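To be precise, the following lines are protein_36.cif, and they hold mmCIF, C-alpha atoms and all ligand atoms.
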```
data_data
#
loop_
_atom_site.group_PDB
_atom_site.id
_atom_site.type_symbol
_atom_site.label_atom_id
_atom_site.label_comp_id
_atom_site.auth_asym_id
_atom_site.auth_seq_id
_atom_site.Cartn_x
_atom_site.Cartn_y
_atom_site.Cartn_z
ATOM 1 C CA MET A 476 5.462 4.234 -13.280
ATOM 2 C CA THR A 477 4.809 0.867 -11.698
ATOM 3 C CA SER A 478 2.687 0.657 -8.597
ATOM 4 C CA PRO A 479 5.398 -0.979 -6.388
ATOM 5 C CA THR A 480 7.172 2.396 -6.372
ATOM 6 C CA TYR A 481 3.984 4.235 -5.471
ATOM 7 C CA TYR A 482 3.250 1.464 -3.009
ATOM 8 C CA GLN A 483 6.462 2.035 -1.080
ATOM 9 C CA ALA A 484 5.990 5.776 -0.703
ATOM 10 C CA MET A 485 2.266 5.446 -0.032
ATOM 11 C CA SER A 486 2.657 2.769 2.615
ATOM 12 C CA GLU A 487 5.162 5.037 4.379
ATOM 13 C CA GLY A 488 2.586 7.834 4.182
ATOM 14 C CA ASN A 489 5.122 9.909 2.260
ATOM 15 C CA ALA A 490 2.696 12.399 0.707
ATOM 16 C CA SER A 491 5.373 14.730 -0.642
ATOM 17 C CA ARG A 492 7.141 11.841 -2.392
ATOM 18 C CA ILE A 493 3.880 10.657 -3.943
ATOM 19 C CA LYS A 494 3.229 14.198 -5.145
ATOM 20 C CA GLU A 495 6.711 14.422 -6.603
ATOM 21 C CA MET A 496 6.429 11.054 -8.348
ATOM 22 C CA ALA A 497 3.048 11.946 -9.868
ATOM 23 C CA GLN A 498 4.447 15.289 -11.083
ATOM 24 C CA GLU A 499 7.507 13.578 -12.555
ATOM 25 C CA ALA A 500 5.346 10.983 -14.332
ATOM 26 C CA LEU A 501 3.146 13.697 -15.879
ATOM 27 C CA GLY A 502 6.296 15.594 -16.818
ATOM 28 C CA ARG A 503 7.567 12.522 -18.673
ATOM 29 C CA GLY A 504 4.357 12.516 -20.685
ATOM 30 C CA GLU A 505 2.530 9.752 -18.819
ATOM 31 C CA SER A 506 -1.236 10.292 -18.928
ATOM 32 C CA ALA A 507 -3.159 11.307 -15.799
ATOM 33 C CA GLY A 508 -5.246 8.146 -16.224
ATOM 34 C CA SER A 509 -2.176 5.942 -16.144
ATOM 35 C CA VAL A 510 -0.739 7.678 -13.049
ATOM 36 C CA LEU A 511 -4.159 7.306 -11.414
ATOM 37 C CA ALA A 512 -4.222 3.585 -12.183
ATOM 38 C CA GLY A 513 -0.808 3.174 -10.504
ATOM 39 C CA LEU A 514 -1.931 5.097 -7.418
ATOM 40 C CA ILE A 515 -5.156 3.093 -7.124
ATOM 41 C CA GLU A 516 -3.241 -0.162 -7.498
ATOM 42 C CA ALA A 517 -0.907 0.851 -4.664
ATOM 43 C CA LEU A 518 -3.839 1.890 -2.471
ATOM 44 C CA ASN A 519 -5.568 -1.421 -3.154
ATOM 45 C CA ILE A 520 -2.506 -3.382 -2.031
ATOM 46 C CA ILE A 521 -2.376 -1.332 1.177
ATOM 47 C CA GLY A 522 -6.171 -1.761 1.544
ATOM 48 C CA ALA A 523 -5.774 -5.544 1.358
ATOM 49 C CA SER A 524 -3.154 -5.458 4.150
ATOM 50 C CA PHE A 525 -5.589 -3.353 6.184
ATOM 51 C CA ARG A 526 -8.399 -5.847 5.546
ATOM 52 C CA ASP A 527 -6.156 -8.730 6.549
ATOM 53 C CA GLY A 528 -5.083 -7.058 9.779
ATOM 54 C CA GLU A 529 -1.441 -6.702 8.689
ATOM 55 C CA ILE A 530 -1.571 -2.932 9.106
ATOM 56 C CA PHE A 531 -3.777 -0.760 11.294
ATOM 57 C CA LEU A 532 -5.941 2.323 10.995
ATOM 58 C CA PRO A 533 -3.211 4.973 11.529
ATOM 59 C CA GLU A 534 -1.121 3.408 8.717
ATOM 60 C CA MET A 535 -4.170 3.253 6.482
ATOM 61 C CA MET A 536 -4.908 6.893 7.226
ATOM 62 C CA ILE A 537 -1.440 8.152 6.346
ATOM 63 C CA ALA A 538 -1.589 6.108 3.129
ATOM 64 C CA ALA A 539 -4.955 7.689 2.277
ATOM 65 C CA ARG A 540 -3.455 11.131 2.923
ATOM 66 C CA ALA A 541 -0.631 10.357 0.512
ATOM 67 C CA MET A 542 -3.228 9.200 -2.043
ATOM 68 C CA HIS A 543 -4.987 12.556 -1.688
ATOM 69 C CA ALA A 544 -1.705 14.347 -2.367
ATOM 70 C CA GLY A 545 -1.353 12.349 -5.597
ATOM 71 C CA LEU A 546 -4.930 13.101 -6.634
ATOM 72 C CA GLY A 547 -4.247 16.796 -6.051
ATOM 73 C CA VAL A 548 -1.533 16.658 -8.722
ATOM 74 C CA LEU A 549 -3.854 14.887 -11.178
ATOM 75 C CA ARG A 550 -6.839 17.118 -10.534
ATOM 76 C CA PRO A 551 -6.129 19.831 -13.156
ATOM 77 C CA ALA A 552 -5.709 17.193 -15.865
ATOM 78 C CA LEU A 553 -8.723 15.085 -14.854
ATOM 79 C CA ALA A 554 -11.055 18.024 -14.318
ATOM 80 C CA LYS A 555 -10.091 19.938 -17.471
ATOM 81 C CA SER A 556 -13.070 20.777 -19.652
ATOM 82 C CA ALA A 557 -14.051 23.541 -21.992
ATOM 83 C CA GLY A 558 -17.305 25.373 -22.493
ATOM 84 C CA PRO A 559 -20.220 26.224 -20.254
ATOM 85 C CA ARG A 560 -21.150 23.950 -17.353
ATOM 86 C CA ALA A 561 -23.816 21.405 -18.339
ATOM 87 C CA ALA A 562 -25.630 21.102 -15.007
ATOM 88 C CA LYS A 563 -25.085 21.426 -11.256
ATOM 89 C CA VAL A 564 -24.323 18.308 -9.245
ATOM 90 C CA VAL A 565 -24.427 18.202 -5.435
ATOM 91 C CA LEU A 566 -21.956 15.506 -4.406
ATOM 92 C CA GLY A 567 -21.077 13.913 -1.081
ATOM 93 C CA THR A 568 -20.393 10.835 0.992
ATOM 94 C CA VAL A 569 -23.430 9.890 3.073
ATOM 95 C CA GLN A 570 -23.699 10.374 6.825
ATOM 96 C CA GLY A 571 -21.577 8.053 8.939
ATOM 97 C CA ASP A 572 -19.107 7.438 6.134
ATOM 98 C CA LEU A 573 -15.684 9.111 6.012
ATOM 99 C CA HIS A 574 -14.362 7.625 2.768
ATOM 100 C CA ASP A 575 -13.801 10.285 0.135
ATOM 101 C CA ILE A 576 -11.091 9.158 -2.280
ATOM 102 C CA GLY A 577 -13.549 7.585 -4.741
ATOM 103 C CA LYS A 578 -16.051 10.393 -4.266
ATOM 104 C CA ASN A 579 -13.359 12.969 -5.060
ATOM 105 C CA LEU A 580 -12.453 11.067 -8.216
ATOM 106 C CA VAL A 581 -16.095 11.033 -9.282
ATOM 107 C CA GLY A 582 -16.188 14.810 -8.713
ATOM 108 C CA MET A 583 -13.060 15.363 -10.827
ATOM 109 C CA MET A 584 -14.367 13.232 -13.671
ATOM 110 C CA LEU A 585 -17.759 14.954 -13.642
ATOM 111 C CA GLU A 586 -16.018 18.316 -13.638
ATOM 112 C CA GLY A 587 -13.988 17.122 -16.590
ATOM 113 C CA GLY A 588 -17.274 16.088 -18.214
ATOM 114 C CA GLY A 589 -18.526 19.671 -17.986
ATOM 115 C CA PHE A 590 -20.593 19.580 -14.796
ATOM 116 C CA GLU A 591 -20.456 22.114 -11.969
ATOM 117 C CA ILE A 592 -19.724 20.271 -8.730
ATOM 118 C CA ILE A 593 -20.884 21.373 -5.298
ATOM 119 C CA ASP A 594 -18.940 19.009 -3.047
ATOM 120 C CA LEU A 595 -20.376 18.712 0.466
ATOM 121 C CA GLY A 596 -17.556 16.413 1.584
ATOM 122 C CA ILE A 597 -17.943 13.434 3.896
ATOM 123 C CA ASP A 598 -20.412 12.397 6.615
ATOM 124 C CA VAL A 599 -23.170 14.465 4.978
ATOM 125 C CA PRO A 600 -26.628 14.348 6.601
ATOM 126 C CA ALA A 601 -29.554 13.607 4.270
ATOM 127 C CA GLU A 602 -31.058 17.078 4.860
ATOM 128 C CA SER A 603 -27.874 18.833 3.718
ATOM 129 C CA PHE A 604 -28.095 17.182 0.300
ATOM 130 C CA SER A 605 -31.691 18.276 -0.244
ATOM 131 C CA GLU A 606 -31.247 21.767 1.236
ATOM 132 C CA THR A 607 -28.182 22.463 -0.912
ATOM 133 C CA ALA A 608 -29.825 21.128 -4.068
ATOM 134 C CA ARG A 609 -32.848 23.370 -3.454
ATOM 135 C CA GLU A 610 -30.787 26.475 -2.655
ATOM 136 C CA GLN A 611 -28.394 25.989 -5.563
ATOM 137 C CA GLY A 612 -30.989 24.838 -8.108
ATOM 138 C CA ALA A 613 -29.007 21.657 -8.766
ATOM 139 C CA GLN A 614 -30.245 19.088 -11.266
ATOM 140 C CA VAL A 615 -28.422 16.107 -9.755
ATOM 141 C CA ILE A 616 -27.584 14.783 -6.294
ATOM 142 C CA ALA A 617 -24.735 12.245 -6.306
ATOM 143 C CA LEU A 618 -24.253 10.001 -3.268
ATOM 144 C CA SER A 619 -21.234 7.878 -2.399
ATOM 145 C CA ALA A 620 -21.011 5.119 0.262
ATOM 146 C CA LEU A 621 -18.113 2.758 0.970
ATOM 147 C CA LEU A 622 -19.438 0.842 3.950
ATOM 148 C CA THR A 623 -22.179 -1.763 3.958
ATOM 149 C CA THR A 624 -23.414 -0.089 7.151
ATOM 150 C CA THR A 625 -23.861 3.319 5.464
ATOM 151 C CA MET A 626 -25.824 1.897 2.521
ATOM 152 C CA ALA A 627 -28.867 2.228 4.814
ATOM 153 C CA GLN A 628 -28.107 5.951 5.122
ATOM 154 C CA MET A 629 -27.914 6.188 1.345
ATOM 155 C CA GLN A 630 -31.398 4.682 1.188
ATOM 156 C CA GLU A 631 -32.628 7.141 3.849
ATOM 157 C CA THR A 632 -31.142 10.064 1.889
ATOM 158 C CA VAL A 633 -32.945 9.024 -1.295
ATOM 159 C CA ARG A 634 -36.160 8.574 0.702
ATOM 160 C CA LEU A 635 -35.906 12.104 2.156
ATOM 161 C CA ILE A 636 -35.174 13.693 -1.222
ATOM 162 C CA ARG A 637 -38.213 11.934 -2.720
ATOM 163 C CA ALA A 638 -40.408 12.850 0.275
ATOM 164 C CA GLU A 639 -39.484 16.516 -0.214
ATOM 165 C CA GLY A 640 -40.583 16.291 -3.845
ATOM 166 C CA LEU A 641 -37.400 17.872 -5.219
ATOM 167 C CA ASN A 642 -37.153 17.929 -8.980
ATOM 168 C CA VAL A 643 -33.708 16.383 -9.035
ATOM 169 C CA LYS A 644 -32.074 13.177 -10.266
ATOM 170 C CA VAL A 645 -30.371 11.073 -7.607
ATOM 171 C CA VAL A 646 -27.392 8.945 -8.602
ATOM 172 C CA VAL A 647 -25.397 6.585 -6.412
ATOM 173 C CA GLY A 648 -22.183 4.593 -6.295
ATOM 174 C CA GLY A 649 -19.402 3.210 -4.127
ATOM 175 C CA ALA A 650 -17.753 -0.167 -3.660
ATOM 176 C CA PRO A 651 -20.595 -2.020 -1.862
ATOM 177 C CA VAL A 652 -23.348 -0.393 -3.971
ATOM 178 C CA THR A 653 -24.814 -2.380 -6.866
ATOM 179 C CA ALA A 654 -27.179 -1.583 -9.705
ATOM 180 C CA ALA A 655 -29.803 -3.777 -8.016
ATOM 181 C CA PHE A 656 -29.459 -1.850 -4.739
ATOM 182 C CA ALA A 657 -29.686 1.460 -6.615
ATOM 183 C CA ARG A 658 -32.961 0.334 -8.214
ATOM 184 C CA GLU A 659 -34.275 -0.994 -4.923
ATOM 185 C CA ILE A 660 -33.800 2.359 -3.136
ATOM 186 C CA GLY A 661 -35.288 4.317 -6.040
ATOM 187 C CA ALA A 662 -32.132 6.022 -7.331
ATOM 188 C CA ASP A 663 -32.211 7.278 -10.940
ATOM 189 C CA GLY A 664 -28.714 6.091 -11.782
ATOM 190 C CA TYR A 665 -25.768 3.987 -10.672
ATOM 191 C CA ALA A 666 -22.169 3.868 -11.863
ATOM 192 C CA GLU A 667 -19.535 1.358 -10.934
ATOM 193 C CA ASP A 668 -16.608 3.759 -11.240
ATOM 194 C CA ALA A 669 -15.714 7.404 -11.672
ATOM 195 C CA ALA A 670 -15.175 7.195 -15.434
ATOM 196 C CA SER A 671 -18.606 5.695 -16.112
ATOM 197 C CA ALA A 672 -20.266 8.199 -13.750
ATOM 198 C CA VAL A 673 -19.981 10.885 -16.443
ATOM 199 C CA GLY A 674 -21.954 8.946 -19.069
ATOM 200 C CA MET A 675 -24.430 7.812 -16.460
ATOM 201 C CA VAL A 676 -25.188 11.358 -15.265
ATOM 202 C CA ARG A 677 -25.553 12.505 -18.863
ATOM 203 C CA ALA A 678 -27.942 9.604 -19.471
ATOM 204 C CA VAL A 679 -30.170 10.349 -16.480
ATOM 205 C CA LEU A 680 -30.378 13.964 -17.647
ATOM 206 C CA SER A 681 -31.110 12.688 -21.175
ATOM 207 C CA MET A 682 -28.189 14.668 -22.507
ATOM 208 C CA ARG A 683 -27.094 12.077 -25.026
HETATM 209 CO CO1 LIG B 701 -12.011 1.969 5.157
HETATM 210 N N1 LIG B 701 -13.050 0.355 4.734
HETATM 211 N N2 LIG B 701 -12.747 1.962 6.929
HETATM 212 N N3 LIG B 701 -10.837 3.459 5.372
HETATM 213 N N4 LIG B 701 -11.208 1.542 3.438
HETATM 214 C C1 LIG B 701 -12.962 -0.137 3.294
HETATM 215 C C2 LIG B 701 -14.078 0.466 2.463
HETATM 216 C C3 LIG B 701 -13.093 -1.703 3.520
HETATM 217 C C4 LIG B 701 -13.677 -2.446 2.316
HETATM 218 C C5 LIG B 701 -11.713 -2.258 3.957
HETATM 219 C C6 LIG B 701 -11.774 -3.705 4.340
HETATM 220 O O1 LIG B 701 -11.956 -4.024 5.482
HETATM 221 N N5 LIG B 701 -11.628 -4.588 3.396
HETATM 222 C C7 LIG B 701 -14.010 -1.758 4.792
HETATM 223 C C8 LIG B 701 -15.525 -1.758 4.514
HETATM 224 C C9 LIG B 701 -16.165 -3.100 4.767
HETATM 225 C C10 LIG B 701 -17.606 -3.022 4.455
HETATM 226 O O2 LIG B 701 -18.347 -2.252 4.981
HETATM 227 N N6 LIG B 701 -18.006 -3.861 3.528
HETATM 228 C C11 LIG B 701 -13.561 -0.508 5.521
HETATM 229 C C12 LIG B 701 -13.720 -0.299 6.909
HETATM 230 C C13 LIG B 701 -14.287 -1.471 7.699
HETATM 231 C C14 LIG B 701 -13.363 0.904 7.548
HETATM 232 C C15 LIG B 701 -13.517 1.262 9.045
HETATM 233 C C16 LIG B 701 -14.831 0.813 9.709
HETATM 234 C C17 LIG B 701 -12.267 0.697 9.751
HETATM 235 C C18 LIG B 701 -12.262 0.859 11.246
HETATM 236 O O3 LIG B 701 -12.397 1.924 11.772
HETATM 237 N N7 LIG B 701 -12.133 -0.274 11.889
HETATM 238 C C19 LIG B 701 -13.389 2.800 9.019
HETATM 239 C C20 LIG B 701 -14.760 3.475 8.797
HETATM 240 C C21 LIG B 701 -14.698 4.962 8.919
HETATM 241 C C22 LIG B 701 -16.007 5.574 8.456
HETATM 242 O O4 LIG B 701 -16.185 5.794 7.278
HETATM 243 N N8 LIG B 701 -16.898 5.839 9.393
HETATM 244 C C23 LIG B 701 -12.542 2.984 7.792
HETATM 245 C C24 LIG B 701 -11.650 4.031 7.647
HETATM 246 C C25 LIG B 701 -10.821 4.220 6.553
HETATM 247 C C26 LIG B 701 -9.753 5.293 6.456
HETATM 248 C C27 LIG B 701 -10.140 6.610 7.132
HETATM 249 C C28 LIG B 701 -8.494 4.764 7.088
HETATM 250 C C29 LIG B 701 -9.501 5.363 4.893
HETATM 251 C C30 LIG B 701 -10.402 6.415 4.183
HETATM 252 C C31 LIG B 701 -9.643 7.694 3.909
HETATM 253 C C32 LIG B 701 -10.392 8.556 2.915
HETATM 254 O O5 LIG B 701 -11.212 8.143 2.123
HETATM 255 N N9 LIG B 701 -10.079 9.830 3.032
HETATM 256 C C33 LIG B 701 -10.004 3.993 4.455
HETATM 257 C C34 LIG B 701 -9.664 3.404 3.214
HETATM 258 C C35 LIG B 701 -8.650 4.155 2.365
HETATM 259 C C36 LIG B 701 -10.245 2.188 2.774
HETATM 260 C C37 LIG B 701 -9.880 1.350 1.538
HETATM 261 C C38 LIG B 701 -8.565 0.664 1.837
HETATM 262 C C39 LIG B 701 -9.747 2.077 0.213
HETATM 263 C C40 LIG B 701 -10.978 2.875 -0.201
HETATM 264 C C41 LIG B 701 -10.602 3.718 -1.406
HETATM 265 O O6 LIG B 701 -10.350 4.901 -1.271
HETATM 266 N N10 LIG B 701 -10.466 3.058 -2.585
HETATM 267 C C42 LIG B 701 -11.096 0.330 1.471
HETATM 268 C C43 LIG B 701 -10.692 -1.045 0.936
HETATM 269 C C44 LIG B 701 -10.642 -1.055 -0.569
HETATM 270 O O7 LIG B 701 -11.530 -0.538 -1.216
HETATM 271 N N11 LIG B 701 -9.619 -1.631 -1.126
HETATM 272 C C45 LIG B 701 -11.707 0.473 2.803
HETATM 273 C C46 LIG B 701 -9.982 3.709 -3.810
HETATM 274 C C47 LIG B 701 -11.142 4.436 -4.505
HETATM 275 C C48 LIG B 701 -10.636 5.007 -5.833
HETATM 276 O O8 LIG B 701 -12.137 3.474 -4.774
HETATM 277 O O9 LIG B 701 -13.688 4.425 -3.003
HETATM 278 O O10 LIG B 701 -14.274 2.271 -4.241
HETATM 279 P P1 LIG B 701 -13.648 3.611 -4.244
HETATM 280 O O11 LIG B 701 -14.359 4.502 -5.350
HETATM 281 C C49 LIG B 701 -14.569 4.034 -6.666
HETATM 282 C C50 LIG B 701 -15.925 3.344 -6.859
HETATM 283 O O12 LIG B 701 -16.442 2.768 -5.660
HETATM 284 C C51 LIG B 701 -16.779 4.383 -7.480
HETATM 285 O O13 LIG B 701 -15.880 5.176 -8.230
HETATM 286 C C52 LIG B 701 -14.656 5.303 -7.518
HETATM 287 C C53 LIG B 701 -13.515 5.481 -8.496
HETATM 288 O O14 LIG B 701 -13.564 4.615 -9.565
HETATM 289 N N12 LIG B 701 -17.579 5.309 -6.665
HETATM 290 C C54 LIG B 701 -18.669 5.905 -7.235
HETATM 291 C C55 LIG B 701 -17.425 5.776 -5.427
HETATM 292 N N13 LIG B 701 -18.404 6.644 -5.142
HETATM 293 C C56 LIG B 701 -19.173 6.751 -6.238
HETATM 294 C C57 LIG B 701 -20.297 7.532 -6.518
HETATM 295 C C58 LIG B 701 -20.881 7.429 -7.791
HETATM 296 C C59 LIG B 701 -20.361 6.574 -8.749
HETATM 297 C C60 LIG B 701 -19.247 5.804 -8.504
HETATM 298 O O15 LIG B 701 -21.967 8.114 -8.155
HETATM 299 C C61 LIG B 701 -22.465 9.108 -7.315
#
```

Mind turning the file's structure into structure tokens?
Ligand code: B1M
Amino acid sequence: MTSPTYYQAMSEGNASRIKEMAQEALGRGESAGSVLAGLIEALNIIGASFRDGEIFLPEMMIAARAMHAGLGVLRPALAKSAGPRAAKVVLGTVQGDLHDIGKNLVGMMLEGGGFEIIDLGIDVPAESFSETAREQGAQVIALSALLTTTMAQMQETVRLIRAEGLNVKVVVGGAPVTAAFAREIGADGYAEDAASAVGMVRAVLSMR
């Protein structure tokens, strides 16, 4: 399906229509990856209107809700994996940041890659990441940030985890995050997108 169709329903915040269209596309044999690409393209067009001041926060929020509905349909296909779970990953969006669409995609892909995901959601304080990792015996903490302002909180979260001496790998990502920034704050890994996050987490755990 082409993104203009998704775009129309998404920009109207029509979550049930988006859900329906994603289900229909899968039913026709379209791959989950292709449906996802169409949804992301539509969201990006809406995001550009938001950036340019053509639409406002409430419209952006209903579009994001519709995007979530679409992701819900794709989840079983994206997160499908066989066999025992490879390692536990504590995942979340750092404190002060409410963006979770990309983070959720990363979680689905990692799940599909055989990892057990403990998703702490959005606006997660640094201490919650370290406490959960300790309690759950997780091997990886995965941090997402979408705002330049919350990159500082990502840095603070890595600092706290290191200060606590946890034996855990910390990996980071999100639109404003770069490989150079990841190195600078002492993260063990960085991935540009959800698909490459799987290989990256495997690499930091030396699983390949
Ligand atoms: Co906001 N927002 N937003 N927003 N929003 C951006 C990020 C922005 C770039 C838009 C813009 O102005 N151009 C801008 C940030 C500017 C900046 O800091 N540089 C922005 C702003 C300013 C804001 C507010 C401040 C607006 C306001 O209130 N005036 C506000 C902040 C709220 C807060 O967080 N405290 C805000 C609010 C919102 C909504 C609530 C309306 C909504 C979020 C809803 C939700 O997530 N549930 C929203 C949205 C949807 C966006 C845009 C349009 C889309 C983000 C998205 O979901 N992309 C975004 C503009 C844009 O990106 N086009 C924008 C799709 C998603 C699949 O991509 O999240 O990048 P992404 O994830 C990718 C990669 O980054 C990577 O993999 C993912 C999949 O491939 N990745 C990782 C992500 N995490 C990773 C972790 C990893 C590895 C890879 O390892 C651990």

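Note that the spacing between atom CA of A:Leu518 and atom CA of A:Asp594 amounts to 22.8 Å.
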
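Taking atom N1 of ligand LIG 701 (chain B) and atom CA of A:Leu622 as endpoints, the distance between them is 6.5 Å.
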
Inset, instruction - Write out as an MDAnalysis selection string which residues come within 12 Å of A:Gly596 when counting only C-alpha atoms, dropping same-chain ones fewer than 4 positions away. - result: chainID A and resid 565:579 582 592 600 603:604 617:620

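The residue that comes closest to ligand LIG 701 (chain B), out of A:Met485, A:Val599, A:Ala670, A:Leu641 and on the basis of only C-alpha atoms and all ligand atoms, is A:Ala670.
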
Inset, instruction - Between A:Val615, A:Val676, A:Leu549, A:Met536, single out the one closest to ligand LIG 701 (chain B), counting all atoms listed in the file. - result: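 For ligand LIG 701 (chain B), the nearest of the given residues is A:Met536.
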
Legend entry - Explicit residues for the PyMOL selection byres (((chain A and resi 643) around 8) and not hetatm) (as a ChimeraX atom specification): /A:608,613-616,641-642,644-645

Store the residues picked out above, limited to C-alpha atoms, as a CSV table (one decimal), keeping the file's coordinate frame.
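Below you can see again.csv, which holds the result:
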```
chain,number,residue,atom,x,y,z
A,608,ALA,CA,-29.8,21.1,-4.1
A,613,ALA,CA,-29.0,21.7,-8.8
A,614,GLN,CA,-30.2,19.1,-11.3
A,615,VAL,CA,-28.4,16.1,-9.8
A,616,ILE,CA,-27.6,14.8,-6.3
A,641,LEU,CA,-37.4,17.9,-5.2
A,642,ASN,CA,-37.2,17.9,-9.0
A,644,LYS,CA,-32.1,13.2,-10.3
A,645,VAL,CA,-30.4,11.1,-7.6
```

Legend entry - Who sits within 9 Å of stretch 497-502 of chain A, only C-alpha atoms, same chain under 6 positions skipped, as a PyMOL selection string: chain A and resi 476+481+510-511+514+545-546+548-549

Inset, instruction - Using all atoms listed in the file, collect all residues at a distance of at most 12 Å from (-10.4, 9.0, -16.4) as written in the file, then present them as number ranges by chain. - result: A: 506-512, 546, 549-550, 552-555, 580-588, 668-674

Legend entry - Separation of atom CA of A:Phe531 from atom O3 of ligand LIG 701 (chain B) in Å: 9.0 Å

Given 8 Å on each side, where is the centre and what are the edge lengths in Å to one decimal of the axis-aligned box enclosing the listed atoms of ligand LIG 701 (chain B), as AutoDock Vina command-line options?
```
--center_x -15.5 --center_y 2.6 --center_z 1.2 --size_x 30.0 --size_y 30.4 --size_z 37.5
```

Inset, instruction - Would you kindly translate the PyMOL selection byres (((chain A and resi 534) around 12) and not hetatm) into the concrete residues it picks from this file, as a list in words? - result: Met485, Ser486, Glu487, Gly488, Asn489, Leu518, Ile521, Gly522, Ser524, Phe525, Gly528, Glu529, Ile530, Phe531, Leu532, Pro533, Met535, Met536, Ile537, Ala538, Ala539, Arg540 and Ala541 of chain A

Legend entry - A:Pro551, A:Gly589, A:Gly513, A:Gly504 ranked by distance to ligand LIG 701 (chain B), top pick (using all atoms listed in the file):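 Counting all atoms listed in the file, the residue closest to ligand LIG 701 (chain B) is A:Gly513.
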
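Proximity ranking of A:Glu591, A:Glu606, A:Glu639, A:Asp527 relative to ligand LIG 701 (chain B) places A:Asp527 first, based on only C-alpha atoms and all ligand atoms.
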
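Distances to A:Ala650 were evaluated for A:Ser681, A:Thr623, A:Gln611, A:Gln483 using only C-alpha atoms, and the minimum falls at A:Thr623.
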
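Among the candidate residues A:Val647, A:Ala517, A:Met542, A:Ala662, the one lying nearest to ligand LIG 701 (chain B) is A:Val647, with distances computed using only C-alpha atoms and all ligand atoms.
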
Inset, instruction - Please provide as a VMD selection string all residues within 9 Å of stretch 658-660 of chain A, with the sequence filter that same-chain residues fewer than 2 positions apart are discarded (counting only C-alpha atoms). - result: chain A and resid 629 to 631 633 to 634 653 to 656 662 to 665
